[in-house]
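Novice: Sharing a structure below in structure tokens format, with a few things to ask.
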Amino acid sequence: MDVKFVPKIGRWHIFYFSDEDNHDLLDTQFSAMFPAHRKISEAYIMQMMNMLKSGISTSQIFGLLASQEGGYEFVGYGPRDIYNEIARQRRQIPGEAVRVLKKLEDMRLKDPQLYFKACHDSRGLLRNLFWSDGISLLDYQLFGDVIAFDAMYKKNRYSCPLVIVSRVNHHNQTIVFAATLIVDETTDTYIWLLRQIMFAMKGKTPTSIITYGAMVIRNAVRDVFSEVRHRLCAWHLIRNATSNVGNPSFLSKFRKIMLGDYEIPVFKRKWVQLIEEFGLKDKSWVNNMYEEKHTWATAYIREN
């Protein structure tokens, strides 16, 4: 299509149009893999759920359906689509949500300080579930000046992230302040979660919060805990450094610079030496990390 603007009438004019394809189309056997085409029929969903009830694993289900259709290329969706659909079906089973809420109600009879909050969608299905028991609430009053926010746990049958809010006590033992099952990782969901922490902990805000750096979590922290110091998790930084650089010598020196109790000029000098030694001047990940040094380098956060 060729279009030009006609100043005299103030409109755009299409002066050439061709409705013939000018590129090779995807082979028919692969067209079903386009996202818009990947659909699982209600009949197959029922068949999948019945197979699950019979003890057949999700990976085996995909193989059986492929065999039934005459080959994997004729299925029209992939294993990940099956996993997602099964997780969606499980989240829609009202009985399971009712049972877990009943369990929390029973726990509150023994622990009156326990706080939990469920969030439902427009259809009445459970979306998010936050809980914190009496011991956790007490621990927060004592040790809640710094909290770690970890949403890396996703290995459950609903494919819902389990968010753990924790830190260590004066014996360097991990203590959990709260846990939340969330249906998605959006800024709105994390804002809801952080507000539950605020409510459960009687409005006490931490001094610092440690996260693995996902933008949706950063935005939520900025919205709810605007005055709180945000720090990136050292463990996740080392893991990212491993995948982005991978040199063991670099990792060792990067860790020392990250955790070293240096004055800021000393930190800058050591960083320049590190980059020159390993020739990483043009490495985008390294440059991005330096731009965010105030969120991970001890030299910049030692007073907090």
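Following the order of the structure tokens, first chain is A, next is B, and so on, with residues numbered from 1 inside each chain and ligands from 1 in the order they appear.
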Give me, as a PDB file with N, CA, C and O atoms, in the first residue's frame, all polymer residues having an atom no more than 9 Å from A:Glu227, counting only C-alpha atoms and skipping those fewer than 3 positions away in the same chain.

Specialist:
```pdb
ATOM      1  N   THR A 207      12.924  -0.197  56.677  1.00  0.00           N
ATOM      2  CA  THR A 207      13.907   0.805  56.261  1.00  0.00           C
ATOM      3  C   THR A 207      14.431   0.488  54.873  1.00  0.00           C
ATOM      4  O   THR A 207      14.622   1.369  54.046  1.00  0.00           O
ATOM      5  N   ARG A 222       8.038   1.436  44.729  1.00  0.00           N
ATOM      6  CA  ARG A 222       8.057   2.894  44.599  1.00  0.00           C
ATOM      7  C   ARG A 222       6.695   3.498  44.940  1.00  0.00           C
ATOM      8  O   ARG A 222       6.608   4.571  45.520  1.00  0.00           O
ATOM      9  N   VAL A 224       4.181   2.032  46.960  1.00  0.00           N
ATOM     10  CA  VAL A 224       3.719   1.782  48.339  1.00  0.00           C
ATOM     11  C   VAL A 224       4.754   2.212  49.375  1.00  0.00           C
ATOM     12  O   VAL A 224       4.411   2.798  50.402  1.00  0.00           O
TER      13      VAL A 224
END
```

Novice: Excluding same-chain residues fewer than 4 positions from A:Trp131, what lies within 10 Å of it counting only C-alpha atoms, as a ChimeraX atom specification?

Specialist: /A:104,114-118,136,177-181,196-197,200

Novice: What lies within 10 Å of A:Pro206 using only C-alpha atoms, ignoring chain neighbours under 5 positions off, as a list in words?

Specialist: Tyr140, Gln141, Phe143, Gly144, Asp145, Val146, Ile147, Met198, Phe225, Glu227, Val228 and Arg229 of chain A

Novice: Tell me which protein, DNA and RNA residues are within 12 Å of A:Val216, counting only C-alpha atoms, leaving out same-chain ones fewer than 5 positions away, and put them as a ChimeraX atom specification.

Specialist: /A:151,184-191,211,221-223

Novice: Skip A:Trp235 itself and residues of its chain fewer than 4 positions away, then list as a ChimeraX atom specification all residues within 10 Å of it, counting only C-alpha atoms.

Specialist: /A:212,239-241,255

Novice: Have a look at atom CA of A:Cys160 and atom CA of A:Gln89 and let me know their distance in Å, one decimal.

Specialist: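 We find that atom CA of A:Cys160 and atom CA of A:Gln89 lie 12.5 Å from each other.
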
Novice: So which bits of stretch 23-72 of chain A end up helix (DSSP H, G or I) when you DSSP the backbone, as a PDB file with N, CA and C atoms, in the first residue's frame?

Specialist:
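This is the output file selection31.pdb:
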```pdb
ATOM      1  N   THR A  28       1.761 -25.135   5.926  1.00  0.00           N
ATOM      2  CA  THR A  28       0.476 -25.394   6.589  1.00  0.00           C
ATOM      3  C   THR A  28       0.639 -26.190   7.876  1.00  0.00           C
ATOM      4  N   GLN A  29       1.558 -27.139   7.914  1.00  0.00           N
ATOM      5  CA  GLN A  29       1.698 -27.982   9.104  1.00  0.00           C
ATOM      6  C   GLN A  29       2.206 -27.202  10.316  1.00  0.00           C
ATOM      7  N   PHE A  30       2.785 -25.998  10.083  1.00  0.00           N
ATOM      8  CA  PHE A  30       3.274 -25.187  11.199  1.00  0.00           C
ATOM      9  C   PHE A  30       2.341 -24.033  11.550  1.00  0.00           C
ATOM     10  N   SER A  31       1.339 -23.770  10.739  1.00  0.00           N
ATOM     11  CA  SER A  31       0.489 -22.591  10.966  1.00  0.00           C
ATOM     12  C   SER A  31      -0.259 -22.657  12.291  1.00  0.00           C
ATOM     13  N   GLU A  42     -12.749 -27.490  24.046  1.00  0.00           N
ATOM     14  CA  GLU A  42     -13.347 -27.896  25.324  1.00  0.00           C
ATOM     15  C   GLU A  42     -13.324 -29.415  25.480  1.00  0.00           C
ATOM     16  N   ALA A  43     -13.538 -30.133  24.365  1.00  0.00           N
ATOM     17  CA  ALA A  43     -13.540 -31.597  24.425  1.00  0.00           C
ATOM     18  C   ALA A  43     -12.166 -32.117  24.847  1.00  0.00           C
ATOM     19  N   TYR A  44     -11.097 -31.510  24.279  1.00  0.00           N
ATOM     20  CA  TYR A  44      -9.754 -31.947  24.636  1.00  0.00           C
ATOM     21  C   TYR A  44      -9.404 -31.546  26.072  1.00  0.00           C
ATOM     22  N   ILE A  45      -9.911 -30.398  26.515  1.00  0.00           N
ATOM     23  CA  ILE A  45      -9.660 -29.976  27.899  1.00  0.00           C
ATOM     24  C   ILE A  45     -10.268 -30.987  28.873  1.00  0.00           C
ATOM     25  N   MET A  46     -11.502 -31.414  28.585  1.00  0.00           N
ATOM     26  CA  MET A  46     -12.149 -32.414  29.439  1.00  0.00           C
ATOM     27  C   MET A  46     -11.357 -33.725  29.421  1.00  0.00           C
ATOM     28  N   GLN A  47     -10.885 -34.098  28.239  1.00  0.00           N
ATOM     29  CA  GLN A  47     -10.103 -35.327  28.117  1.00  0.00           C
ATOM     30  C   GLN A  47      -8.805 -35.228  28.912  1.00  0.00           C
ATOM     31  N   MET A  48      -8.136 -34.062  28.838  1.00  0.00           N
ATOM     32  CA  MET A  48      -6.904 -33.844  29.584  1.00  0.00           C
ATOM     33  C   MET A  48      -7.130 -33.954  31.082  1.00  0.00           C
ATOM     34  N   MET A  49      -8.183 -33.320  31.591  1.00  0.00           N
ATOM     35  CA  MET A  49      -8.456 -33.333  33.025  1.00  0.00           C
ATOM     36  C   MET A  49      -8.804 -34.743  33.503  1.00  0.00           C
ATOM     37  N   ASN A  50      -9.504 -35.509  32.670  1.00  0.00           N
ATOM     38  CA  ASN A  50      -9.823 -36.893  33.024  1.00  0.00           C
ATOM     39  C   ASN A  50      -8.552 -37.744  33.074  1.00  0.00           C
ATOM     40  N   MET A  51      -7.625 -37.478  32.147  1.00  0.00           N
ATOM     41  CA  MET A  51      -6.355 -38.202  32.159  1.00  0.00           C
ATOM     42  C   MET A  51      -5.583 -37.900  33.446  1.00  0.00           C
ATOM     43  N   LEU A  52      -5.594 -36.621  33.856  1.00  0.00           N
ATOM     44  CA  LEU A  52      -4.912 -36.239  35.100  1.00  0.00           C
ATOM     45  C   LEU A  52      -5.481 -36.990  36.288  1.00  0.00           C
ATOM     46  N   LYS A  53      -6.813 -37.060  36.339  1.00  0.00           N
ATOM     47  CA  LYS A  53      -7.462 -37.761  37.450  1.00  0.00           C
ATOM     48  C   LYS A  53      -7.091 -39.236  37.461  1.00  0.00           C
ATOM     49  N   THR A  58       1.336 -34.774  32.904  1.00  0.00           N
ATOM     50  CA  THR A  58       1.090 -33.782  31.858  1.00  0.00           C
ATOM     51  C   THR A  58       1.931 -34.053  30.610  1.00  0.00           C
ATOM     52  N   SER A  59       3.201 -34.439  30.798  1.00  0.00           N
ATOM     53  CA  SER A  59       4.058 -34.735  29.642  1.00  0.00           C
ATOM     54  C   SER A  59       3.525 -35.933  28.863  1.00  0.00           C
ATOM     55  N   GLN A  60       2.992 -36.931  29.573  1.00  0.00           N
ATOM     56  CA  GLN A  60       2.430 -38.105  28.902  1.00  0.00           C
ATOM     57  C   GLN A  60       1.137 -37.756  28.163  1.00  0.00           C
ATOM     58  N   ILE A  61       0.380 -36.809  28.729  1.00  0.00           N
ATOM     59  CA  ILE A  61      -0.872 -36.396  28.085  1.00  0.00           C
ATOM     60  C   ILE A  61      -0.600 -35.837  26.692  1.00  0.00           C
ATOM     61  N   PHE A  62       0.436 -35.017  26.570  1.00  0.00           N
ATOM     62  CA  PHE A  62       0.759 -34.426  25.270  1.00  0.00           C
ATOM     63  C   PHE A  62       1.103 -35.514  24.251  1.00  0.00           C
ATOM     64  N   GLY A  63       1.863 -36.515  24.701  1.00  0.00           N
ATOM     65  CA  GLY A  63       2.214 -37.608  23.808  1.00  0.00           C
ATOM     66  C   GLY A  63       1.001 -38.415  23.372  1.00  0.00           C
ATOM     67  N   LEU A  64       0.074 -38.642  24.290  1.00  0.00           N
ATOM     68  CA  LEU A  64      -1.139 -39.399  23.953  1.00  0.00           C
ATOM     69  C   LEU A  64      -2.020 -38.638  22.965  1.00  0.00           C
ATOM     70  N   LEU A  65      -2.147 -37.313  23.184  1.00  0.00           N
ATOM     71  CA  LEU A  65      -2.965 -36.507  22.272  1.00  0.00           C
ATOM     72  C   LEU A  65      -2.336 -36.443  20.882  1.00  0.00           C
ATOM     73  N   ALA A  66      -0.993 -36.377  20.849  1.00  0.00           N
ATOM     74  CA  ALA A  66      -0.298 -36.358  19.559  1.00  0.00           C
ATOM     75  C   ALA A  66      -0.516 -37.676  18.820  1.00  0.00           C
ATOM     76  N   SER A  67      -0.436 -38.767  19.548  1.00  0.00           N
ATOM     77  CA  SER A  67      -0.669 -40.081  18.947  1.00  0.00           C
ATOM     78  C   SER A  67      -2.091 -40.207  18.424  1.00  0.00           C
ATOM     79  N   GLN A  68      -3.020 -39.614  19.192  1.00  0.00           N
ATOM     80  CA  GLN A  68      -4.436 -39.654  18.811  1.00  0.00           C
ATOM     81  C   GLN A  68      -4.694 -38.870  17.525  1.00  0.00           C
ATOM     82  N   GLU A  69      -3.917 -37.778  17.327  1.00  0.00           N
ATOM     83  CA  GLU A  69      -4.104 -36.918  16.159  1.00  0.00           C
ATOM     84  C   GLU A  69      -3.287 -37.381  14.949  1.00  0.00           C
ATOM     85  N   TYR A  72       2.715 -35.116  16.154  1.00  0.00           N
ATOM     86  CA  TYR A  72       2.811 -33.862  16.908  1.00  0.00           C
ATOM     87  C   TYR A  72       2.449 -32.654  16.046  1.00  0.00           C
TER      88      TYR A  72
END
```

Novice: Just list the residues in stretch 56-170 of chain A DSSP gives strand (DSSP E) on the backbone, as a list in words.

Specialist: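 Secondary structure check on stretch 56-170 of chain A, strand (DSSP E): Tyr115, Phe116, Lys117, Ala118, Cys119, His120, Leu126, Arg127, Asn128, Leu129, Phe130, Trp131, Ser132, Val146, Ile147, Ala148, Phe149, Asp150, Ala151, Met152, Tyr153, Leu162, Val163, Ile164, Val165, Ser166, Arg167 and Val168 of chain A.
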